[in-house]
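Chemist: Just one file: protein01.pdb, with PDB, C-alpha atoms and all ligand atoms.
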ATOM      1  CA  MET A  14     141.553 118.012 101.406
ATOM      2  CA  SER A  15     137.819 117.594 101.266
ATOM      3  CA  GLU A  16     135.720 117.335 104.377
ATOM      4  CA  ASN A  17     135.047 113.685 103.683
ATOM      5  CA  ASN A  18     138.743 112.819 103.533
ATOM      6  CA  ASP A  19     139.703 114.778 106.608
ATOM      7  CA  LYS A  20     141.324 112.247 108.954
ATOM      8  CA  SER A  21     140.055 114.186 111.970
ATOM      9  CA  ASN A  22     136.589 112.949 111.085
ATOM     10  CA  TYR A  23     137.615 109.307 111.248
ATOM     11  CA  LYS A  24     136.164 107.366 114.142
ATOM     12  CA  VAL A  25     138.502 105.801 116.644
ATOM     13  CA  LEU A  26     136.897 102.673 118.015
ATOM     14  CA  ALA A  27     137.902 100.670 121.050
ATOM     15  CA  LYS A  28     140.750  98.272 120.336
ATOM     16  CA  ALA A  29     138.784  95.383 121.775
ATOM     17  CA  SER A  30     136.175  95.645 119.027
ATOM     18  CA  ILE A  31     138.639  95.172 116.161
ATOM     19  CA  ASP A  32     138.267  91.432 115.845
ATOM     20  CA  THR A  33     135.223  90.731 117.965
ATOM     21  CA  ASP A  34     132.635  92.989 116.359
ATOM     22  CA  LYS A  35     131.467  91.657 113.009
ATOM     23  CA  TYR A  36     130.669  95.154 111.802
ATOM     24  CA  ASP A  37     133.837  96.809 113.123
ATOM     25  CA  ARG A  38     135.227  97.737 109.701
ATOM     26  CA  GLN A  39     132.057  99.372 108.371
ATOM     27  CA  LYS A  40     131.435 101.178 111.662
ATOM     28  CA  ARG A  41     134.728 102.983 110.970
ATOM     29  CA  ILE A  42     133.118 104.734 107.995
ATOM     30  CA  SER A  43     132.297 108.339 108.867
ATOM     31  CA  GLY A  44     128.571 108.913 109.072
ATOM     32  CA  TRP A  45     127.865 105.210 109.629
ATOM     33  CA  ASP A  46     125.192 104.157 112.123
ATOM     34  CA  GLN A  47     124.879 100.391 112.388
ATOM     35  CA  SER A  48     121.643 100.648 114.383
ATOM     36  CA  LYS A  49     119.987 102.328 111.396
ATOM     37  CA  ILE A  50     121.021  99.344 109.271
ATOM     38  CA  SER A  51     120.033  96.705 111.825
ATOM     39  CA  ASN A  52     116.598  98.151 112.610
ATOM     40  CA  THR A  53     115.491  98.172 109.018
ATOM     41  CA  THR A  54     113.174  96.202 106.756
ATOM     42  CA  VAL A  55     114.004  96.040 103.055
ATOM     43  CA  MET A  56     111.653  94.503 100.510
ATOM     44  CA  VAL A  57     113.342  92.770  97.573
ATOM     45  CA  ILE A  58     111.254  91.697  94.634
ATOM     46  CA  GLY A  59     112.992  89.114  92.482
ATOM     47  CA  ALA A  60     115.418  86.521  93.873
ATOM     48  CA  GLY A  61     117.238  85.881  90.593
ATOM     49  CA  ALA A  62     120.734  86.974  89.618
ATOM     50  CA  THR A  63     120.522  90.609  90.755
ATOM     51  CA  GLY A  64     118.421  89.628  93.750
ATOM     52  CA  ASN A  65     121.054  87.091  94.863
ATOM     53  CA  GLU A  66     123.857  89.659  94.768
ATOM     54  CA  LEU A  67     121.780  92.384  96.396
ATOM     55  CA  ILE A  68     120.554  90.099  99.174
ATOM     56  CA  LYS A  69     124.082  88.822  99.821
ATOM     57  CA  ASN A  70     125.296  92.421 100.188
ATOM     58  CA  LEU A  71     122.415  93.469 102.444
ATOM     59  CA  VAL A  72     122.734  90.440 104.721
ATOM     60  CA  LEU A  73     126.490  90.941 105.078
ATOM     61  CA  THR A  74     125.887  94.613 105.892
ATOM     62  CA  GLY A  75     123.565  93.542 108.706
ATOM     63  CA  ILE A  76     120.110  94.579 107.485
ATOM     64  CA  GLY A  77     117.511  93.631 110.130
ATOM     65  CA  LYS A  78     114.787  92.119 108.006
ATOM     66  CA  LEU A  79     114.332  91.218 104.338
ATOM     67  CA  ILE A  80     110.975  90.519 102.730
ATOM     68  CA  LEU A  81     111.713  88.445  99.611
ATOM     69  CA  ILE A  82     109.137  88.021  96.888
ATOM     70  CA  ASP A  83     109.547  85.524  94.046
ATOM     71  CA  TYR A  84     107.429  82.540  93.043
ATOM     72  CA  ASP A  85     110.011  81.099  90.658
ATOM     73  CA  THR A  86     112.005  77.894  91.105
ATOM     74  CA  ILE A  87     115.695  77.283  90.414
ATOM     75  CA  ASN A  88     117.024  75.797  87.187
ATOM     76  CA  LEU A  89     120.536  74.739  86.259
ATOM     77  CA  SER A  90     120.912  77.765  83.949
ATOM     78  CA  ASN A  91     120.712  80.076  87.023
ATOM     79  CA  LEU A  92     123.953  78.755  88.423
ATOM     80  CA  ASN A  93     126.352  80.911  86.365
ATOM     81  CA  ARG A  94     125.269  84.040  88.248
ATOM     82  CA  CYS A  95     123.479  83.204  91.497
ATOM     83  CA  VAL A  96     125.857  82.951  94.435
ATOM     84  CA  LEU A  97     123.222  81.680  96.869
ATOM     85  CA  PHE A  98     121.998  78.770  94.723
ATOM     86  CA  ASP A  99     123.668  75.385  94.303
ATOM     87  CA  LYS A 100     123.497  72.312  92.077
ATOM     88  CA  LYS A 101     121.338  70.415  94.548
ATOM     89  CA  SER A 102     118.725  73.155  94.739
ATOM     90  CA  ALA A 103     118.669  73.370  90.936
ATOM     91  CA  LYS A 104     118.266  69.625  90.566
ATOM     92  CA  LYS A 105     115.361  69.629  93.008
ATOM     93  CA  GLN A 106     113.949  72.792  91.407
ATOM     94  CA  GLU A 107     113.464  74.358  94.817
ATOM     95  CA  TYR A 108     111.860  77.752  95.274
ATOM     96  CA  LYS A 109     114.377  80.573  94.955
ATOM     97  CA  VAL A 110     113.232  82.360  98.114
ATOM     98  CA  ASP A 111     113.549  79.197 100.230
ATOM     99  CA  VAL A 112     117.084  78.518  99.032
ATOM    100  CA  VAL A 113     118.097  82.156  99.527
ATOM    101  CA  LYS A 114     116.792  82.046 103.077
ATOM    102  CA  ARG A 115     118.723  78.857 103.797
ATOM    103  CA  ALA A 116     121.958  80.150 102.261
ATOM    104  CA  CYS A 117     121.753  83.451 104.151
ATOM    105  CA  LYS A 118     121.768  81.684 107.502
ATOM    106  CA  ASN A 119     125.490  81.189 106.975
ATOM    107  CA  LEU A 120     126.060  84.822 106.016
ATOM    108  CA  GLY A 121     124.408  86.815 108.774
ATOM    109  CA  ASP A 122     121.606  87.329 111.239
ATOM    110  CA  THR A 123     119.079  88.990 108.933
ATOM    111  CA  GLU A 124     115.515  87.761 109.394
ATOM    112  CA  ILE A 125     114.260  86.639 106.002
ATOM    113  CA  ILE A 126     110.564  86.432 105.134
ATOM    114  CA  PRO A 127     110.217  84.368 101.926
ATOM    115  CA  LEU A 128     107.011  84.891  99.939
ATOM    116  CA  LYS A 129     106.252  82.692  96.925
ATOM    117  CA  GLU A 130     103.660  85.041  95.543
ATOM    118  CA  ASP A 131     102.904  86.990  92.438
ATOM    119  CA  LEU A 132     103.357  90.724  92.827
ATOM    120  CA  ASN A 133      99.644  91.212  92.214
ATOM    121  CA  ASP A 134      98.742  88.957  95.136
ATOM    122  CA  ILE A 135     100.990  90.293  97.899
ATOM    123  CA  ASP A 136      99.604  92.069 100.939
ATOM    124  CA  LYS A 137      99.902  95.782 100.114
ATOM    125  CA  ASN A 138     100.653  96.522 103.789
ATOM    126  CA  LEU A 139     104.108  95.028 103.176
ATOM    127  CA  TYR A 140     105.015  98.128 101.166
ATOM    128  CA  LYS A 141     104.206 100.337 104.132
ATOM    129  CA  LYS A 142     106.178  98.112 106.483
ATOM    130  CA  SER A 143     109.329  98.456 104.359
ATOM    131  CA  ASN A 144     111.947 101.196 104.759
ATOM    132  CA  VAL A 145     113.226 100.680 101.212
ATOM    133  CA  ILE A 146     111.860  98.693  98.264
ATOM    134  CA  CYS A 147     114.251  97.132  95.731
ATOM    135  CA  SER A 148     113.204  95.906  92.333
ATOM    136  CA  CYS A 149     115.298  93.075  90.880
ATOM    137  CA  VAL A 150     112.704  92.084  88.321
ATOM    138  CA  ASP A 151     113.098  91.607  84.611
ATOM    139  CA  ASN A 152     110.060  93.249  83.064
ATOM    140  CA  ILE A 153     108.725  96.769  82.754
ATOM    141  CA  GLU A 154     105.240  95.952  83.985
ATOM    142  CA  ALA A 155     106.474  94.809  87.416
ATOM    143  CA  ARG A 156     108.891  97.757  87.649
ATOM    144  CA  LEU A 157     106.097 100.236  87.059
ATOM    145  CA  GLN A 158     103.791  98.494  89.486
ATOM    146  CA  LEU A 159     106.468  98.694  92.181
ATOM    147  CA  ASN A 160     107.276 102.297  91.299
ATOM    148  CA  ASN A 161     103.634 103.208  91.669
ATOM    149  CA  TYR A 162     103.087 101.520  95.036
ATOM    150  CA  ALA A 163     106.385 102.803  96.459
ATOM    151  CA  TYR A 164     105.520 106.332  95.342
ATOM    152  CA  TYR A 165     102.013 106.103  96.734
ATOM    153  CA  TYR A 166     103.205 104.869 100.125
ATOM    154  CA  GLY A 167     106.163 107.285 100.232
ATOM    155  CA  VAL A 168     108.778 104.519 100.465
ATOM    156  CA  PRO A 169     112.152 104.923  98.687
ATOM    157  CA  PHE A 170     112.346 102.671  95.620
ATOM    158  CA  ILE A 171     115.466 101.460  93.819
ATOM    159  CA  ASP A 172     115.350  99.698  90.484
ATOM    160  CA  SER A 173     118.072  97.882  88.571
ATOM    161  CA  GLY A 174     118.298  96.435  85.096
ATOM    162  CA  ILE A 175     120.879  94.257  83.348
ATOM    163  CA  ASP A 176     121.462  93.412  79.702
ATOM    164  CA  GLU A 177     124.715  91.670  78.732
ATOM    165  CA  PHE A 178     127.501  94.191  79.492
ATOM    166  CA  TYR A 179     125.095  97.046  80.194
ATOM    167  CA  GLY A 180     123.182  97.942  83.311
ATOM    168  CA  THR A 181     121.160 100.700  84.942
ATOM    169  CA  VAL A 182     120.222 101.771  88.458
ATOM    170  CA  GLN A 183     117.693 104.441  89.381
ATOM    171  CA  ALA A 184     115.882 105.580  92.499
ATOM    172  CA  VAL A 185     112.478 107.120  93.103
ATOM    173  CA  TYR A 186     111.335 108.911  96.248
ATOM    174  CA  SER A 187     108.096 110.829  96.500
ATOM    175  CA  GLU A 188     109.408 113.210  99.181
ATOM    176  CA  VAL A 189     111.722 114.786  96.604
ATOM    177  CA  LYS A 190     108.862 116.572  94.899
ATOM    178  CA  ASP A 191     110.532 117.795  91.716
ATOM    179  CA  SER A 192     112.125 114.455  90.846
ATOM    180  CA  ALA A 193     110.847 112.076  88.193
ATOM    181  CA  CYS A 194     109.388 108.654  88.879
ATOM    182  CA  MET A 195     109.721 105.664  86.562
ATOM    183  CA  GLN A 196     106.262 106.167  85.112
ATOM    184  CA  CYS A 197     107.288 109.666  83.934
ATOM    185  CA  GLY A 198     109.560 108.320  81.238
ATOM    186  CA  VAL A 199     107.443 105.464  79.925
ATOM    187  CA  SER A 200     107.413 105.555  76.149
ATOM    188  CA  GLY A 201     105.167 103.910  73.615
ATOM    189  CA  MET A 202     107.963 101.447  72.942
ATOM    190  CA  ASP A 203     108.075 100.533  76.618
ATOM    191  CA  LEU A 204     104.372  99.849  76.538
ATOM    192  CA  ASP A 205     104.871  97.603  73.520
ATOM    193  CA  LEU A 206     107.467  95.705  75.489
ATOM    194  CA  MET A 207     105.242  95.227  78.496
ATOM    195  CA  TRP A 208     103.931  91.925  77.262
ATOM    196  CA  LYS A 209     107.481  90.640  77.127
ATOM    197  CA  LYS A 210     107.887  89.079  80.527
ATOM    198  CA  TYR A 211     111.367  87.691  80.275
ATOM    199  CA  SER A 212     111.814  84.790  82.629
ATOM    200  CA  CYS A 213     115.188  83.771  84.045
ATOM    201  CA  THR A 214     114.205  80.173  84.427
ATOM    202  CA  GLY A 215     110.679  79.423  83.312
ATOM    203  CA  GLN A 216     109.451  77.950  80.096
ATOM    204  CA  GLU A 217     110.010  79.812  76.855
ATOM    205  CA  ILE A 218     107.360  82.505  76.815
ATOM    206  CA  GLU A 219     105.177  83.025  73.816
ATOM    207  CA  SER A 220     103.984  86.457  72.801
ATOM    208  CA  ALA A 221     100.441  87.142  71.681
ATOM    209  CA  ASN A 222     101.373  86.362  68.059
ATOM    210  CA  GLY A 223     102.954  83.037  69.016
ATOM    211  CA  GLU A 224     106.615  84.080  68.665
ATOM    212  CA  THR A 225     108.982  82.680  71.251
ATOM    213  CA  ILE A 226     110.720  85.367  73.220
ATOM    214  CA  GLY A 227     114.392  84.722  73.917
ATOM    215  CA  LYS A 228     116.005  84.720  77.320
ATOM    216  CA  MET A 229     117.966  87.757  78.460
ATOM    217  CA  ALA A 230     121.718  87.409  78.065
ATOM    218  CA  THR A 231     123.315  88.055  81.438
ATOM    219  CA  ILE A 232     126.636  87.521  83.152
ATOM    220  CA  ILE A 233     127.615  87.671  86.829
ATOM    221  CA  THR A 234     130.211  90.432  86.342
ATOM    222  CA  THR A 235     127.671  92.995  85.122
ATOM    223  CA  THR A 236     125.159  91.736  87.666
ATOM    224  CA  ALA A 237     127.643  92.151  90.528
ATOM    225  CA  ILE A 238     128.507  95.715  89.482
ATOM    226  CA  ILE A 239     124.897  96.820  89.115
ATOM    227  CA  SER A 240     123.590  95.104  92.233
ATOM    228  CA  GLY A 241     126.556  96.543  94.150
ATOM    229  CA  ILE A 242     125.444 100.024  93.135
ATOM    230  CA  GLN A 243     121.836  99.181  93.954
ATOM    231  CA  SER A 244     122.907  97.952  97.422
ATOM    232  CA  GLN A 245     124.866 101.160  97.914
ATOM    233  CA  GLN A 246     121.680 103.136  97.204
ATOM    234  CA  VAL A 247     119.890 101.187  99.941
ATOM    235  CA  ILE A 248     122.634 102.173 102.395
ATOM    236  CA  LYS A 249     122.460 105.827 101.298
ATOM    237  CA  PHE A 250     118.732 105.896 101.989
ATOM    238  CA  LEU A 251     119.013 104.123 105.335
ATOM    239  CA  LEU A 252     121.845 106.284 106.631
ATOM    240  CA  GLY A 253     120.540 109.539 105.171
ATOM    241  CA  LEU A 254     116.767 109.463 105.453
ATOM    242  CA  ASP A 255     116.575 110.898 108.992
ATOM    243  CA  SER A 256     118.838 113.779 108.051
ATOM    244  CA  PHE A 257     116.854 114.401 104.850
ATOM    245  CA  LYS A 258     113.540 114.476 106.723
ATOM    246  CA  ARG A 259     114.969 116.745 109.416
ATOM    247  CA  GLU A 260     117.085 119.164 107.404
ATOM    248  CA  GLY A 261     116.374 118.405 103.759
ATOM    249  CA  LYS A 262     119.974 117.198 103.346
ATOM    250  CA  TRP A 263     121.363 113.703 102.880
ATOM    251  CA  ASN A 264     124.153 112.309 105.076
ATOM    252  CA  PRO A 265     127.251 114.167 103.738
ATOM    253  CA  TYR A 266     129.579 111.234 104.431
ATOM    254  CA  ILE A 267     127.397 108.737 102.608
ATOM    255  CA  GLY A 268     126.144 110.942  99.772
ATOM    256  CA  ASP A 269     122.861 111.419  97.922
ATOM    257  CA  PRO A 270     120.892 108.517  96.444
ATOM    258  CA  LEU A 271     120.188 108.568  92.677
ATOM    259  CA  ILE A 272     116.692 110.052  93.117
ATOM    260  CA  GLY A 273     115.153 111.012  89.790
ATOM    261  CA  LYS A 274     118.394 109.990  88.115
ATOM    262  CA  GLN A 275     119.508 106.995  86.131
ATOM    263  CA  LEU A 276     123.019 105.608  86.316
ATOM    264  CA  ASN A 277     124.003 103.775  83.144
ATOM    265  CA  TYR A 278     126.931 101.365  83.058
ATOM    266  CA  ASN A 279     128.614 100.396  79.818
ATOM    267  CA  GLY A 280     130.912  97.421  80.305
ATOM    268  CA  ILE A 281     132.191  97.622  76.732
ATOM    269  CA  THR A 282     133.649 101.117  77.176
ATOM    270  CA  ASN A 283     134.254 100.753  80.949
ATOM    271  CA  SER A 284     132.152 103.838  81.562
ATOM    272  CA  PHE A 285     129.372 105.179  83.732
ATOM    273  CA  GLU A 286     127.033 108.086  83.054
ATOM    274  CA  ILE A 287     124.300 109.601  85.194
ATOM    275  CA  ILE A 288     121.335 111.233  83.531
ATOM    276  CA  THR A 289     118.646 113.271  85.274
ATOM    277  CA  LYS A 290     115.226 111.971  84.312
ATOM    278  CA  MET A 291     112.696 114.502  83.074
ATOM    279  CA  LYS A 292     109.674 114.840  85.329
ATOM    280  CA  ASN A 293     106.488 114.515  83.317
ATOM    281  CA  GLU A 294     104.025 117.099  84.633
ATOM    282  CA  GLU A 295     101.228 114.938  83.234
ATOM    283  CA  CYS A 296     102.450 111.784  84.992
ATOM    284  CA  TRP A 297      99.484 110.165  86.739
ATOM    285  CA  VAL A 298     101.726 108.709  89.451
ATOM    286  CA  CYS A 299     103.922 111.584  90.607
ATOM    287  CA  SER A 300     102.111 114.692  89.385
ATOM    288  CA  TYR A 301      98.556 113.992  90.453
ATOM    289  CA  LYS A 302      98.982 115.518  93.914
ATOM    290  CA  LYS A 303      99.585 119.005  92.536
TER     291      LYS A 303
HETATM  292 ZN    ZN B 401     106.122 110.286  87.335
END
Show the structure stored in the file as structure tokens.
Ligand SMILES: [Zn+2]

Modeler:
Amino acid sequence: MSENNDKSNYKVLAKASIDTDKYDRQKRISGWDQSKISNTTVMVIGAGATGNELIKNLVLTGIGKLILIDYDTINLSNLNRCVLFDKKSAKKQEYKVDVVKRACKNLGDTEIIPLKEDLNDIDKNLYKKSNVICSCVDNIEARLQLNNYAYYYGVPFIDSGIDEFYGTVQAVYSEVKDSACMQCGVSGMDLDLMWKKYSCTGQEIESANGETIGKMATIITTTAIISGIQSQQVIKFLLGLDSFKREGKWNPYIGDPLIGKQLNYNGITNSFEIITKMKNEECWVCSYKK
């Protein structure tokens, strides 16, 4: 029997808390510390499909504060995969962050700070104020921008991506010196794609040569799987960061985050793979300090 399955490690909580403490069931997880979850600020960029699922998970888990950044409004075509939106909000084309904030009031006590701003315009101090930064965006340019700020400020960063029945999750953390960041693996093809800012809801976007770029094909099932894994990474960071800073080891009951690694999900073959990203010694983001 492994250490993690050893029943002697299971917490025995007071009987009275079973049905009166909202977080009773998760507090029973070995290595869990609800105060580390409650006293935390997480920044989420993108309140679309992945953002909805991620935010729902984080609010239910009891995260203290969420800073939500998205200037987009809701359209009817969002409603197949966004649990926090509704027909009324789509009809009125309300701002995503406002509707998320409203919907989350029924889910938990998380303080939600909605910001209808472009990533380029946000106060950079918000990065420093966050314990973890989550990217739920749909274009490479924004991902790299977030990667770069998170790395610079030494804040753990978790990115997710969805495409039909495929998805990826990866984490970046500057305190793990030999691990790759997202800029490390940027290829020429990625740079070519940077002008493609897929929008979940906005008008059809035209590229520089006038071609209309299609919308991403997405479905809630893939989104739920990937954002579930992304949420799990947030929890791993929050419950393991103190131990990592103190002893260089992550919380053994909660496990390591995917730092410098990319988890790929293939819904067609029902499979997952984890690849270790190659650190680029020439990377201007993560190798400049050497
Ligand atoms: Zn790098």

Chemist: Out of A:Cys117, A:Met291, A:Cys197, A:Leu73, which residue has the shortest atom-to-atom distance to Leu157 in chain A when counting all atoms listed in the file?

Modeler: A:Cys197

Chemist: Counting all atoms listed in the file, what residues are within 10 Å of ligand ZN 401 (chain B), given as a CSV table (one decimal) with C-alpha atoms, in the coordinates of the input?

Modeler:
chain,number,residue,atom,x,y,z
A,160,ASN,CA,107.3,102.3,91.3
A,161,ASN,CA,103.6,103.2,91.7
A,164,TYR,CA,105.5,106.3,95.3
A,185,VAL,CA,112.5,107.1,93.1
A,187,SER,CA,108.1,110.8,96.5
A,191,ASP,CA,110.5,117.8,91.7
A,192,SER,CA,112.1,114.5,90.8
A,193,ALA,CA,110.8,112.1,88.2
A,194,CYS,CA,109.4,108.7,88.9
A,195,MET,CA,109.7,105.7,86.6
A,196,GLN,CA,106.3,106.2,85.1
A,197,CYS,CA,107.3,109.7,83.9
A,198,GLY,CA,109.6,108.3,81.2
A,199,VAL,CA,107.4,105.5,79.9
A,273,GLY,CA,115.2,111.0,89.8
A,290,LYS,CA,115.2,112.0,84.3
A,291,MET,CA,112.7,114.5,83.1
A,292,LYS,CA,109.7,114.8,85.3
A,293,ASN,CA,106.5,114.5,83.3
A,294,GLU,CA,104.0,117.1,84.6
A,295,GLU,CA,101.2,114.9,83.2
A,296,CYS,CA,102.4,111.8,85.0
A,297,TRP,CA,99.5,110.2,86.7
A,298,VAL,CA,101.7,108.7,89.5
A,299,CYS,CA,103.9,111.6,90.6
A,300,SER,CA,102.1,114.7,89.4
A,301,TYR,CA,98.6,114.0,90.5

Chemist: Run the PyMOL selection byres (((chain A and resi 248-264) around 7) and not hetatm) against the file shown and list the residues it catches, as a PyMOL selection string.

Modeler: chain A and resi 44-46+49-50+244-247+265-270

Chemist: With distances taken over only C-alpha atoms, which of A:Val55, A:Ala163, A:Val189, A:Ile232 is nearest to Gly77 in chain A?

Modeler: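 With only C-alpha atoms as the atom set, the closest residue is A:Val55.
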
Chemist: Using all atoms listed in the file - which residues lie no farther than 8 Å from the point (118.3, 101.3, 87.5) in the file's frame? Write them as a list in words.

Modeler: Ile171, Asp172, Ser173, Gly174, Gly180, Thr181, Val182, Gln183, Ala184, Gln243, Gln275, Leu276 and Asn277 of chain A

Chemist: Could you state the separation of CA of Val110 in chain A and CA of Thr236 in chain A in Å, given to one decimal place?

Modeler: 18.4 Å

Chemist: Determine the nearest neighbour of Leu159 in chain A from the options A:Ile58, A:Leu120, A:Leu128, A:Ile42, counting only C-alpha atoms.

Modeler: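 Of A:Ile58, A:Leu120, A:Leu128, A:Ile42, the one nearest Leu159 in chain A, counting only C-alpha atoms, is A:Ile58.
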
Chemist: Run the PyMOL selection byres (((chain A and resi 36) around 8) and not hetatm) against the file shown and list the residues it catches, as a list in words.

Modeler: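 Those residues are Asp34, Lys35, Asp37, Arg38, Gln39, Lys40, Gln47, Thr74 and Gly75 of chain A.
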
Chemist: Kindly give the distance, in Å, that separates CA of Glu154 in chain A and CA of Ala62 in chain A, rounded to a single decimal.

Modeler: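 We find that CA of Glu154 in chain A and CA of Ala62 in chain A lie 18.8 Å from each other.
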
Chemist: Between CA of Ala116 in chain A and CA of Asn88 in chain A, what is the distance in Å, rounded to a tenth?

Modeler: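 That distance, rounded to one decimal, is 16.4 Å.
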
Chemist: Would you please work out which residue, of A:Lys105, A:Lys141, A:Lys274, A:Arg115, is nearest to Thr86 in chain A when using all atoms listed in the file?

Modeler: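 The closest residue to Thr86 in chain A is A:Lys105.
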
Chemist: May I have the residues within 12 Å of Gln106 in chain A as an MDAnalysis selection string, using all atoms listed in the file and disregarding those fewer than 4 positions away in the same chain?

Modeler: chainID A and resid 84:91 98:102 110:112 214:215

Chemist: Which neighbours of Asn119 in chain A fall inside 12 Å, counting only C-alpha atoms, when residues of the same chain fewer than 5 positions from it are skipped, and could you give them as an NGL selection string?

Modeler: :A and (69 or 72-73 or 97 or 112-114)

Chemist: Selection from above, C-alpha atoms, as a short mmCIF file (atom, residue, chain, number, x, y, z; two decimals), in the coordinates of the input, can you write it?

Modeler:
data_model
loop_
_atom_site.label_atom_id
_atom_site.label_comp_id
_atom_site.auth_asym_id
_atom_site.auth_seq_id
_atom_site.Cartn_x
_atom_site.Cartn_y
_atom_site.Cartn_z
CA LYS A 69 124.08 88.82 99.82
CA VAL A 72 122.73 90.44 104.72
CA LEU A 73 126.49 90.94 105.08
CA LEU A 97 123.22 81.68 96.87
CA VAL A 112 117.08 78.52 99.03
CA VAL A 113 118.10 82.16 99.53
CA LYS A 114 116.79 82.05 103.08
#
